[in-house]
Structures are given as C-alpha cells and as structure tokens.
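Novice: Sending over input-v3.cif (mmCIF, C-alpha atoms and all ligand atoms).
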data_model
loop_
_atom_site.label_atom_id
_atom_site.label_comp_id
_atom_site.auth_asym_id
_atom_site.auth_seq_id
_atom_site.Cartn_x
_atom_site.Cartn_y
_atom_site.Cartn_z
CA MET A 264 13.34 -2.96 0.98
CA GLU A 265 15.53 -0.09 1.96
CA LEU A 266 15.74 3.59 1.08
CA GLN A 267 18.91 5.63 1.33
CA HIS A 268 18.58 9.41 1.14
CA VAL A 269 15.78 9.21 -1.42
CA SER A 270 14.46 12.48 -2.82
CA TYR A 271 11.93 12.87 -5.62
CA ARG A 272 10.47 16.09 -7.01
CA TYR A 273 7.66 16.08 -9.57
CA PRO A 274 8.84 17.75 -12.79
CA GLY A 275 8.73 21.52 -12.42
CA GLN A 276 7.48 21.25 -8.81
CA GLU A 277 8.91 21.83 -5.38
CA LYS A 278 6.74 19.03 -3.99
CA GLY A 279 7.53 15.35 -3.54
CA VAL A 280 9.64 13.54 -0.92
CA THR A 281 12.94 14.62 0.60
CA ASP A 282 15.88 12.64 1.99
CA LEU A 283 13.97 9.53 3.04
CA SER A 284 16.04 6.75 4.61
CA GLY A 285 14.91 3.60 6.36
CA THR A 286 13.89 -0.02 5.96
CA PHE A 287 10.70 -1.96 5.38
CA PRO A 288 11.12 -5.20 7.32
CA ILE A 289 10.65 -8.51 5.46
CA GLY A 290 7.51 -10.45 6.39
CA LYS A 291 6.03 -7.51 8.29
CA ILE A 292 3.30 -4.96 7.67
CA THR A 293 4.57 -1.40 7.44
CA THR A 294 2.00 1.37 7.20
CA ILE A 295 2.80 4.87 6.01
CA ILE A 296 0.71 7.54 7.72
CA GLY A 297 0.67 11.32 7.61
CA PRO A 298 -1.48 14.29 6.61
CA ASN A 299 -2.76 14.99 3.07
CA GLY A 300 0.07 15.91 0.74
CA ALA A 301 2.71 14.45 3.10
CA GLY A 302 4.23 12.36 0.28
CA LYS A 303 2.80 8.95 1.18
CA SER A 304 1.72 8.00 -2.37
CA THR A 305 4.92 9.43 -3.78
CA LEU A 306 6.94 7.24 -1.43
CA LEU A 307 4.97 4.17 -2.62
CA LYS A 308 5.68 5.19 -6.23
CA THR A 309 9.42 5.24 -5.53
CA LEU A 310 9.10 1.72 -4.06
CA SER A 311 7.30 0.39 -7.16
CA ARG A 312 9.64 2.27 -9.53
CA GLN A 313 6.68 4.22 -10.91
CA VAL A 314 8.92 7.23 -10.36
CA THR A 315 12.72 7.30 -10.22
CA PRO A 316 14.25 9.42 -7.46
CA GLN A 317 16.51 12.25 -8.59
CA SER A 318 18.84 11.30 -5.74
CA GLY A 319 19.29 8.41 -3.34
CA THR A 320 18.75 4.69 -3.80
CA VAL A 321 15.89 2.24 -3.31
CA THR A 322 17.10 -1.33 -2.88
CA LEU A 323 15.31 -4.66 -2.90
CA ALA A 324 17.20 -7.69 -1.59
CA GLY A 325 20.37 -5.59 -1.65
CA GLU A 326 20.05 -4.66 -5.35
CA PRO A 327 19.04 -1.19 -6.55
CA LEU A 328 15.55 -1.22 -8.10
CA THR A 329 17.08 0.22 -11.27
CA ALA A 330 19.07 -3.03 -11.75
CA TYR A 331 15.93 -5.16 -12.23
CA THR A 332 14.29 -5.77 -15.62
CA SER A 333 10.58 -4.88 -15.69
CA LYS A 334 9.58 -8.53 -15.89
CA THR A 335 11.80 -9.55 -12.96
CA LEU A 336 10.55 -6.62 -10.90
CA ALA A 337 6.94 -7.65 -11.63
CA ARG A 338 7.70 -11.03 -10.01
CA LYS A 339 9.03 -9.29 -6.90
CA ILE A 340 6.80 -6.26 -6.34
CA ALA A 341 3.04 -5.97 -6.89
CA VAL A 342 0.87 -2.91 -6.48
CA VAL A 343 -2.79 -3.07 -5.52
CA SER A 344 -4.10 -0.35 -7.79
CA GLN A 345 -7.17 1.77 -7.51
CA ARG A 346 -10.09 1.22 -9.91
CA HIS A 347 -9.45 1.96 -13.60
CA GLU A 348 -12.25 2.31 -16.18
CA LEU A 349 -9.95 1.03 -18.91
CA TYR A 350 -10.60 -2.54 -17.78
CA ASP A 351 -14.41 -2.37 -17.42
CA ASP A 352 -14.98 -4.80 -20.33
CA MET A 353 -12.70 -7.49 -18.93
CA THR A 354 -13.84 -10.46 -16.88
CA VAL A 355 -12.55 -11.04 -13.39
CA ALA A 356 -10.69 -14.20 -14.50
CA ALA A 357 -9.00 -12.33 -17.37
CA MET A 358 -7.93 -9.56 -14.98
CA VAL A 359 -6.37 -12.07 -12.59
CA LYS A 360 -4.66 -13.76 -15.54
CA MET A 361 -3.03 -10.41 -16.26
CA GLY A 362 -1.36 -10.76 -12.88
CA ARG A 363 0.31 -13.96 -14.21
CA LEU A 364 1.88 -12.12 -17.16
CA PRO A 365 5.31 -11.81 -15.46
CA TYR A 366 5.48 -15.62 -15.85
CA HIS A 367 4.11 -15.88 -19.41
CA SER A 368 4.58 -14.07 -22.69
CA LEU A 369 0.89 -13.86 -23.66
CA LEU A 370 -2.38 -13.52 -21.76
CA ALA A 371 -3.88 -16.23 -24.01
CA THR A 372 -1.31 -18.77 -22.83
CA VAL A 373 -2.01 -18.37 -19.09
CA PRO A 374 -3.74 -21.62 -18.04
CA ASP A 375 -7.09 -21.26 -16.24
CA GLU A 376 -5.80 -23.41 -13.35
CA GLU A 377 -3.13 -20.84 -12.56
CA VAL A 378 -5.68 -18.31 -11.35
CA THR A 379 -8.00 -20.66 -9.45
CA ASP A 380 -6.24 -20.24 -6.09
CA PHE A 381 -6.02 -16.47 -6.35
CA LEU A 382 -9.74 -16.21 -7.15
CA ALA A 383 -10.52 -18.43 -4.15
CA GLN A 384 -8.25 -16.47 -1.78
CA THR A 385 -10.11 -13.28 -2.60
CA ALA A 386 -13.64 -14.83 -2.58
CA LEU A 387 -14.05 -14.18 -6.31
CA THR A 388 -14.59 -17.73 -7.60
CA SER A 389 -18.31 -17.26 -8.20
CA LEU A 390 -17.61 -13.94 -10.00
CA ALA A 391 -14.88 -15.29 -12.31
CA ASN A 392 -16.90 -14.64 -15.48
CA ALA A 393 -18.41 -11.32 -14.38
CA HIS A 394 -17.28 -8.12 -16.07
CA LEU A 395 -15.53 -5.57 -13.95
CA ASP A 396 -18.14 -2.86 -14.53
CA ASP A 397 -20.83 -5.17 -13.08
CA LEU A 398 -19.04 -5.37 -9.73
CA SER A 399 -19.36 -3.19 -6.66
CA GLY A 400 -16.43 -0.99 -5.57
CA GLY A 401 -15.47 -3.47 -2.86
CA GLN A 402 -15.61 -6.43 -5.26
CA GLN A 403 -13.43 -4.53 -7.74
CA GLN A 404 -10.96 -3.83 -4.97
CA ARG A 405 -10.70 -7.59 -4.39
CA VAL A 406 -9.98 -8.09 -8.11
CA TRP A 407 -7.00 -5.73 -7.85
CA LEU A 408 -5.78 -7.68 -4.84
CA ALA A 409 -6.23 -11.01 -6.69
CA MET A 410 -4.23 -9.64 -9.65
CA ALA A 411 -1.44 -8.51 -7.36
CA LEU A 412 -1.36 -11.86 -5.52
CA ALA A 413 -1.22 -13.66 -8.89
CA GLN A 414 2.17 -12.00 -9.39
CA GLU A 415 3.37 -13.99 -6.34
CA PRO A 416 5.40 -10.99 -5.21
CA GLN A 417 7.81 -10.68 -2.30
CA VAL A 418 6.58 -7.16 -1.66
CA LEU A 419 2.95 -6.02 -1.80
CA LEU A 420 2.24 -2.29 -2.03
CA LEU A 421 -1.23 -0.93 -1.31
CA ASP A 422 -2.33 2.72 -1.51
CA GLU A 423 -5.35 3.29 0.72
CA PRO A 424 -6.73 -0.23 0.09
CA THR A 425 -9.74 0.19 2.38
CA THR A 426 -11.23 3.17 0.53
CA TYR A 427 -14.08 1.24 -1.14
CA LEU A 428 -14.53 -1.41 1.54
CA ASP A 429 -17.25 -1.65 4.16
CA VAL A 430 -16.14 -2.29 7.75
CA HIS A 431 -16.54 -6.05 7.31
CA TYR A 432 -14.29 -6.22 4.25
CA GLN A 433 -11.83 -3.76 5.78
CA GLN A 434 -11.38 -6.23 8.62
CA THR A 435 -11.20 -9.17 6.18
CA LEU A 436 -8.49 -7.40 4.18
CA MET A 437 -6.45 -6.55 7.27
CA THR A 438 -6.66 -10.20 8.42
CA GLN A 439 -5.57 -11.31 4.94
CA LEU A 440 -2.62 -8.90 4.99
CA ARG A 441 -1.58 -10.30 8.38
CA GLN A 442 -1.70 -13.84 6.91
CA LEU A 443 0.37 -12.80 3.88
CA ALA A 444 2.96 -11.17 6.14
CA ALA A 445 3.06 -14.28 8.35
CA ALA A 446 3.78 -16.29 5.19
CA GLY A 447 6.81 -14.04 4.52
CA MET A 448 5.43 -11.29 2.30
CA THR A 449 6.58 -7.74 2.94
CA VAL A 450 3.44 -5.62 3.05
CA ILE A 451 3.69 -1.85 2.69
CA GLN A 452 0.52 0.24 2.68
CA VAL A 453 -0.78 3.76 3.02
CA LEU A 454 -3.74 4.15 5.37
CA HIS A 455 -5.67 7.21 6.49
CA ASN A 456 -7.43 5.41 9.33
CA ILE A 457 -4.85 5.98 12.02
CA ASN A 458 -6.29 3.48 14.52
CA GLN A 459 -6.42 0.79 11.84
CA ALA A 460 -2.80 1.60 11.03
CA PHE A 461 -1.71 1.32 14.67
CA THR A 462 -3.66 -1.92 15.16
CA VAL A 463 -2.61 -3.88 12.08
CA SER A 464 1.00 -2.76 11.60
CA ASP A 465 4.32 -4.07 12.85
CA TRP A 466 6.08 -0.90 11.78
CA LEU A 467 4.98 2.65 10.95
CA TRP A 468 6.43 5.50 8.92
CA LEU A 469 5.09 8.94 9.84
CA LEU A 470 5.53 11.48 7.06
CA LYS A 471 4.94 15.21 6.87
CA ASP A 472 5.86 17.73 4.16
CA GLY A 473 7.70 15.02 2.22
CA ARG A 474 9.97 14.15 5.15
CA LEU A 475 10.13 11.24 7.56
CA VAL A 476 9.07 12.53 10.99
CA ALA A 477 9.42 9.18 12.78
CA ALA A 478 9.55 5.45 12.11
CA GLY A 479 8.98 2.72 14.66
CA THR A 480 6.61 0.24 16.19
CA PRO A 481 3.04 1.30 17.02
CA GLY A 482 4.17 1.45 20.68
CA ASP A 483 6.99 3.86 19.76
CA LEU A 484 4.75 6.22 17.77
CA ARG A 485 1.61 6.15 19.90
CA GLN A 486 2.41 9.54 21.44
CA ALA A 487 -0.30 12.20 21.53
CA PRO A 488 2.06 15.22 21.20
CA LEU A 489 3.88 13.70 18.20
CA LEU A 490 0.62 12.86 16.40
CA ALA A 491 -1.03 16.17 17.33
CA GLU A 492 1.94 18.12 15.98
CA THR A 493 2.15 16.06 12.77
CA PHE A 494 -1.58 16.17 11.98
CA GLN A 495 -2.04 19.69 13.40
CA THR A 496 -5.04 18.65 15.44
CA PRO A 497 -5.61 18.02 19.16
CA ILE A 498 -5.21 14.32 19.89
CA GLU A 499 -5.58 12.20 23.01
CA ILE A 500 -4.90 8.55 23.58
CA VAL A 501 -7.63 6.85 25.60
CA ASP A 502 -7.85 3.32 26.93
CA VAL A 503 -10.90 1.55 25.55
CA PRO A 504 -11.97 -1.63 27.38
CA ARG A 505 -11.30 -4.78 25.29
CA LEU A 506 -9.66 -2.62 22.59
CA GLY A 507 -6.68 -1.05 24.33
CA PRO A 508 -5.16 2.35 23.54
CA TYR A 509 -7.21 4.32 21.00
CA ILE A 510 -6.25 7.57 19.28
CA VAL A 511 -9.02 10.15 19.38
CA GLN A 512 -9.27 13.61 17.94
CA VAL A 513 -10.59 15.94 20.62
CA PRO A 514 -12.39 19.27 20.08
CA GLU A 515 -10.20 22.37 19.99
CA ALA A 516 -10.21 24.27 23.30
CA THR A 517 -12.40 27.39 22.96
N1 LIG A 601 1.59 14.09 -10.34
C1 LIG A 601 1.96 15.10 -9.56
N2 LIG A 601 2.49 16.22 -10.10
C2 LIG A 601 2.90 17.25 -9.32
N3 LIG A 601 2.83 17.25 -7.95
C3 LIG A 601 2.33 16.16 -7.37
C4 LIG A 601 1.86 15.03 -8.13
N4 LIG A 601 1.40 14.09 -7.26
C5 LIG A 601 1.58 14.61 -6.04
N5 LIG A 601 2.13 15.84 -6.10
C6 LIG A 601 2.48 16.71 -4.95
O1 LIG A 601 3.45 16.03 -4.15
C7 LIG A 601 3.16 16.16 -2.77
C8 LIG A 601 2.98 14.79 -2.16
O2 LIG A 601 1.82 14.20 -2.72
P1 LIG A 601 1.33 12.73 -2.36
O3 LIG A 601 0.19 12.40 -3.27
O4 LIG A 601 2.50 11.83 -2.33
O5 LIG A 601 0.83 12.95 -0.86
P2 LIG A 601 -0.06 11.98 0.04
O6 LIG A 601 0.57 12.01 1.40
O7 LIG A 601 -0.23 10.66 -0.61
O8 LIG A 601 -1.42 12.78 0.08
P3 LIG A 601 -2.94 12.32 0.30
O9 LIG A 601 -3.07 11.88 1.73
O10 LIG A 601 -3.69 13.60 0.08
O11 LIG A 601 -3.27 11.24 -0.69
C9 LIG A 601 1.89 17.02 -2.68
O12 LIG A 601 2.29 18.33 -2.39
C10 LIG A 601 1.27 16.93 -4.04
O13 LIG A 601 0.61 18.12 -4.38
#
Any chance you could give the structure as structure tokens?
Specialist:
Amino acid sequence: MELQHVSYRYPGQEKGVTDLSGTFPIGKITTIIGPNGAGKSTLLKTLSRQVTPQSGTVTLAGEPLTAYTSKTLARKIAVVSQRHELYDDMTVAAMVKMGRLPYHSLLATVPDEEVTDFLAQTALTSLANAHLDDLSGGQQQRVWLAMALAQEPQVLLLDEPTTYLDVHYQQTLMTQLRQLAAAGMTVIQVLHNINQAFTVSDWLWLLKDGRLVAAGTPGDLRQAPLLAETFQTPIEIVDVPRLGPYIVQVPEAT
C-alpha cells in the first residue's frame, strides 16, 4: 500500500492527519507508533477506507482505494476490530462466517467447513458454539482476528491488537503476525508498547501531531533523542543481556 500526500480532517475539526506519504512494504510488518492523538488510528482508517482523505491518494496494488468495490476491497483488506456489544448474541462460528461474506451473498450459505481452518489457527475450535458475551476479552480478540483471517486479505490492519491480551497471548499474536507476514500478508498495526513495536516490526512509522516524523527500520528509528522529542519524555536505550537494545523511559532530572 502507498500513500501520496494524504490529508484527512474530521468534519468541522482541525485535527486528523496531514500530508502523509510513504509505503507499507508487502509481506512485512509495519507498526505505527506515536503519542496519543498523533493520528495513528486516523491513518489506519484511511488505509481501510473508513474515511476518505480530502486530498492525496491511497493506493493498493497500484490502484486507488476509491476504485475498488466494497466487496472486492473486503477480499483485499481486513481490519481486526475492537470489541462490539452488537454481536454479543452471536456464536464464534457465526462471527467467523461473517468474515467469509466477501465470497458469498448470504451468511446462511457459508459452509461450516470454510471456517474450520480459521477457528483452528486462532485456537477457537473448542469455542465454536460459544456466544461472544461468554468469552473473555482475550478470547473475543481472537474472534476478531479469526474473522479478519477468514476474509483471506492481502493486507491486515490492527489497531492496538494487544489491548485485551495477557503477556502470553501478546507474544502468541506477535508470532502469528510474523507467520502471516512470512506467508506474504502485509501487516499494518498500531501499537503503544514501543519495545514490542521495535521487536516485531520490519518497518516503523513514527507520527506526531498528524504528521510523519520518520519512517524506517527499527535500527533507523532506535534513537533516544528522536523518541524523546516525539514522546516528550526522557528516553534512554540500554543493552539488556539476551534481549538486545531496550528503550526505557528515565525519570526527569530534578
Ligand atoms: N471521530 C473524531 N472526530 C473528531 N476528531 C477526531 C475523531 N477521532 C479522532 N479525532 C482527533 O484526531 C486526532 C488524531 O486522533 P487519532 O485517534 O487518530 O490519534 P491516535 O494517535 O490514534 O491516538 P491514541 O493513541 O490516543 O489512540 C486527535 O486530535 C483526535 O482528537
């Protein structure tokens, strides 16, 4: 995916994203980082066509996003959503079947076999008949991932996917994202955990005040002054045995 001079302002607001240009490499994990309100979620919304930029172009495989029909786009781009109470009555299997809708006209005509693999990949097989409101936050998060995978997308977008996950499942998810990228999927996520972002990603976008401050490999962006300035907090990079360089927030000098 590529952005060229993309700007989006929320209706009647000054806030949003401004003049973003750059690429999201195919088959790689790109993580968008930056302080609260930097425009990370807004950028993801421009990539999923949830919002349409007032200026600039977002392209997928060389075509502007606006050229795709909704159904075609749903076969190319999937979003791992956050929890939504609207679906509490649905079973896990029915939710994952919804992910197959870009390939069928009706939910009722999606064969059970089509969701088996996606349930297995997300360790949900034994919960297939459970209702969403009977699941823990972490289990629900896996349902959203299973739905997105059922779309068999080229691009997977995730907004803070580790929010409801314990450290074990955070690690499991990051490993799974690495496997999906290795299989050719373009993974684009927003993370607040900066060390997780630097560890798991091939490419990073650093945003602040709606603008792109820097984009590059973790090695390019692992610079204490750049991160301290962007996050407005004192930062040092320390070498942790068996872990490598680690970004730590240090107390303000008194
Ligand atoms: N629906 C909305 N209507 C109006 N302004 C919005 C809306 N959503 C976000 N904004 C504003 O746009 C700017 C960017 O918000 P965005 O949610 O993209 O930031 P973010 O980097 O994802 O923040 P956070 O880390 O806090 O989730 C912020 O100033 C925010 O107040």
Novice: Measuring atom to atom with all atoms listed in the file, identify which of A:Gln439, A:Thr322, A:Gln403, A:Thr281 is nearest to ligand LIG 601 (chain A).
Specialist: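 Going through A:Gln439, A:Thr322, A:Gln403, A:Thr281 one by one, the smallest distance to ligand LIG 601 (chain A) is for A:Thr281.
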Novice: A:Gln486, A:Thr379, A:Asn458, A:Thr320: which is nearest Tyr271 in chain A, counting only C-alpha atoms?
Specialist: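 Among the listed residues, A:Thr320 lies closest to Tyr271 in chain A.
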Novice: Could you check the closest approach to ligand LIG 601 (chain A) for each of A:Thr329, A:Thr449, A:Asn456, A:Ser284 and tell me which residue wins, using all atoms listed in the file?
Specialist: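 Answer, going by the shortest atom-to-atom distance: A:Asn456.
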Novice: Need the shell around range 405-408 of chain A: protein/DNA/RNA residues with any atom at most 8 Å away, counting only C-alpha atoms. Skip same-chain ones fewer than 6 positions apart. Format as a VMD selection string?
Specialist: chain A and resid 343 to 346 355 358 to 359 385 387
Novice: Do a neighbour search on Asp396 in chain A at 9 Å with only C-alpha atoms, toss out local chain neighbours closer than 3 positions, and write the hits as a ChimeraX atom specification.
Specialist: /A:348,350-353,393,399,403
Novice: When you draw a straight line from CA of Asn392 in chain A to CA of Ala357 in chain A, how long is it in Å?
Specialist: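 These atoms are spaced 8.4 Å apart.
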Novice: Output as CSV one row per residue of chain A within 8 Å of ligand LIG 601 (chain A): the closest atom pair and its distance in Å to one decimal place, counting all atoms listed in the file, sorted by chain and residue number ascending.
Specialist:
residue,atom,partner,partner_atom,distance
A:Arg272,CA,A:LIG601,O1,7.6
A:Tyr273,CA,A:LIG601,C2,4.9
A:Pro274,CA,A:LIG601,C2,6.9
A:Gly275,CA,A:LIG601,C2,7.9
A:Gln276,CA,A:LIG601,C2,6.1
A:Lys278,CA,A:LIG601,O1,4.5
A:Gly279,CA,A:LIG601,O1,4.2
A:Val280,CA,A:LIG601,C8,6.9
A:Ile296,CA,A:LIG601,O6,7.7
A:Gly297,CA,A:LIG601,O6,6.2
A:Pro298,CA,A:LIG601,O9,5.7
A:Asn299,CA,A:LIG601,O9,3.4
A:Gly300,CA,A:LIG601,O5,3.4
A:Ala301,CA,A:LIG601,O6,3.7
A:Gly302,CA,A:LIG601,O4,3.2
A:Lys303,CA,A:LIG601,O6,3.8
A:Ser304,CA,A:LIG601,O7,3.7
A:Thr305,CA,A:LIG601,O4,3.7
A:Leu306,CA,A:LIG601,O4,6.4
A:Val453,CA,A:LIG601,O7,7.8
A:His455,CA,A:LIG601,O9,7.2
A:Leu470,CA,A:LIG601,O6,7.5
A:Lys471,CA,A:LIG601,O6,7.7
A:Asp472,CA,A:LIG601,O12,7.5
A:Gly473,CA,A:LIG601,C8,6.4
Novice: Under the rule that all atoms listed in the file are counted, which of A:Leu443, A:Ala356, A:Thr496, A:Gly325 is the nearest residue to Leu390 in chain A?
Specialist: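 Of the candidates, the smallest distance to Leu390 in chain A is held by A:Ala356.
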Novice: Go through A:Ser318, A:Gln313, A:Thr435, A:Thr426 and flag the residue nearest Gln267 in chain A, using only C-alpha atoms for the distances.
Specialist: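 Checking each candidate against Gln267 in chain A, we get A:Ser318 as the closest.
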Novice: Just checking: using all atoms listed in the file, which residue out of A:Ile498, A:Ala460, A:Val342, A:Ala413 ends up closest to Thr480 in chain A?
Specialist: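 Among the listed residues, the smallest separation from Thr480 in chain A belongs to A:Ala460.
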Novice: Would you mind completing range 303-325 of chain A so that it carries N, CA and C atoms, and writing it out as a PDB file, keeping the file's coordinate frame?
Specialist:
ATOM      1  N   LYS A 303       2.984  10.394   0.971  1.00  0.00           N
ATOM      2  CA  LYS A 303       2.800   8.950   1.180  1.00  0.00           C
ATOM      3  C   LYS A 303       2.718   8.188  -0.157  1.00  0.00           C
ATOM      4  N   SER A 304       1.856   8.682  -1.066  1.00  0.00           N
ATOM      5  CA  SER A 304       1.720   8.000  -2.370  1.00  0.00           C
ATOM      6  C   SER A 304       3.002   8.109  -3.173  1.00  0.00           C
ATOM      7  N   THR A 305       3.665   9.242  -3.052  1.00  0.00           N
ATOM      8  CA  THR A 305       4.920   9.430  -3.780  1.00  0.00           C
ATOM      9  C   THR A 305       5.966   8.432  -3.291  1.00  0.00           C
ATOM     10  N   LEU A 306       6.015   8.232  -1.974  1.00  0.00           N
ATOM     11  CA  LEU A 306       6.940   7.240  -1.430  1.00  0.00           C
ATOM     12  C   LEU A 306       6.623   5.860  -2.008  1.00  0.00           C
ATOM     13  N   LEU A 307       5.335   5.484  -2.044  1.00  0.00           N
ATOM     14  CA  LEU A 307       4.970   4.170  -2.620  1.00  0.00           C
ATOM     15  C   LEU A 307       5.411   4.087  -4.081  1.00  0.00           C
ATOM     16  N   LYS A 308       5.280   5.201  -4.805  1.00  0.00           N
ATOM     17  CA  LYS A 308       5.680   5.190  -6.230  1.00  0.00           C
ATOM     18  C   LYS A 308       7.179   4.996  -6.385  1.00  0.00           C
ATOM     19  N   THR A 309       7.965   5.488  -5.436  1.00  0.00           N
ATOM     20  CA  THR A 309       9.420   5.240  -5.530  1.00  0.00           C
ATOM     21  C   THR A 309       9.713   3.764  -5.262  1.00  0.00           C
ATOM     22  N   LEU A 310       8.883   3.138  -4.404  1.00  0.00           N
ATOM     23  CA  LEU A 310       9.100   1.720  -4.060  1.00  0.00           C
ATOM     24  C   LEU A 310       8.705   0.792  -5.209  1.00  0.00           C
ATOM     25  N   SER A 311       7.746   1.231  -6.035  1.00  0.00           N
ATOM     26  CA  SER A 311       7.300   0.390  -7.160  1.00  0.00           C
ATOM     27  C   SER A 311       8.008   0.763  -8.450  1.00  0.00           C
ATOM     28  N   ARG A 312       8.901   1.741  -8.371  1.00  0.00           N
ATOM     29  CA  ARG A 312       9.640   2.270  -9.530  1.00  0.00           C
ATOM     30  C   ARG A 312       8.721   2.979 -10.517  1.00  0.00           C
ATOM     31  N   GLN A 313       7.540   3.402 -10.046  1.00  0.00           N
ATOM     32  CA  GLN A 313       6.680   4.220 -10.910  1.00  0.00           C
ATOM     33  C   GLN A 313       7.323   5.568 -11.145  1.00  0.00           C
ATOM     34  N   VAL A 314       8.102   6.035 -10.160  1.00  0.00           N
ATOM     35  CA  VAL A 314       8.920   7.230 -10.360  1.00  0.00           C
ATOM     36  C   VAL A 314      10.350   6.884  -9.926  1.00  0.00           C
ATOM     37  N   THR A 315      11.317   7.546 -10.553  1.00  0.00           N
ATOM     38  CA  THR A 315      12.720   7.300 -10.220  1.00  0.00           C
ATOM     39  C   THR A 315      13.259   8.508  -9.473  1.00  0.00           C
ATOM     40  N   PRO A 316      13.755   8.282  -8.250  1.00  0.00           N
ATOM     41  CA  PRO A 316      14.250   9.420  -7.460  1.00  0.00           C
ATOM     42  C   PRO A 316      15.384  10.158  -8.179  1.00  0.00           C
ATOM     43  N   GLN A 317      15.401  11.478  -8.017  1.00  0.00           N
ATOM     44  CA  GLN A 317      16.510  12.250  -8.590  1.00  0.00           C
ATOM     45  C   GLN A 317      17.790  12.003  -7.806  1.00  0.00           C
ATOM     46  N   SER A 318      17.641  11.657  -6.510  1.00  0.00           N
ATOM     47  CA  SER A 318      18.840  11.300  -5.740  1.00  0.00           C
ATOM     48  C   SER A 318      18.476  10.235  -4.719  1.00  0.00           C
ATOM     49  N   GLY A 319      19.502   9.486  -4.296  1.00  0.00           N
ATOM     50  CA  GLY A 319      19.290   8.410  -3.340  1.00  0.00           C
ATOM     51  C   GLY A 319      19.007   7.085  -4.037  1.00  0.00           C
ATOM     52  N   THR A 320      18.910   6.033  -3.237  1.00  0.00           N
ATOM     53  CA  THR A 320      18.750   4.690  -3.800  1.00  0.00           C
ATOM     54  C   THR A 320      17.649   3.919  -3.078  1.00  0.00           C
ATOM     55  N   VAL A 321      16.859   3.196  -3.867  1.00  0.00           N
ATOM     56  CA  VAL A 321      15.890   2.240  -3.310  1.00  0.00           C
ATOM     57  C   VAL A 321      16.436   0.854  -3.634  1.00  0.00           C
ATOM     58  N   THR A 322      16.592   0.021  -2.617  1.00  0.00           N
ATOM     59  CA  THR A 322      17.100  -1.330  -2.880  1.00  0.00           C
ATOM     60  C   THR A 322      16.095  -2.379  -2.456  1.00  0.00           C
ATOM     61  N   LEU A 323      16.127  -3.486  -3.207  1.00  0.00           N
ATOM     62  CA  LEU A 323      15.310  -4.660  -2.900  1.00  0.00           C
ATOM     63  C   LEU A 323      16.267  -5.840  -2.866  1.00  0.00           C
ATOM     64  N   ALA A 324      16.285  -6.559  -1.758  1.00  0.00           N
ATOM     65  CA  ALA A 324      17.200  -7.690  -1.590  1.00  0.00           C
ATOM     66  C   ALA A 324      18.643  -7.267  -1.907  1.00  0.00           C
ATOM     67  N   GLY A 325      18.988  -6.059  -1.497  1.00  0.00           N
ATOM     68  CA  GLY A 325      20.370  -5.590  -1.650  1.00  0.00           C
ATOM     69  C   GLY A 325      20.709  -5.025  -3.017  1.00  0.00           C
TER      70      GLY A 325
END
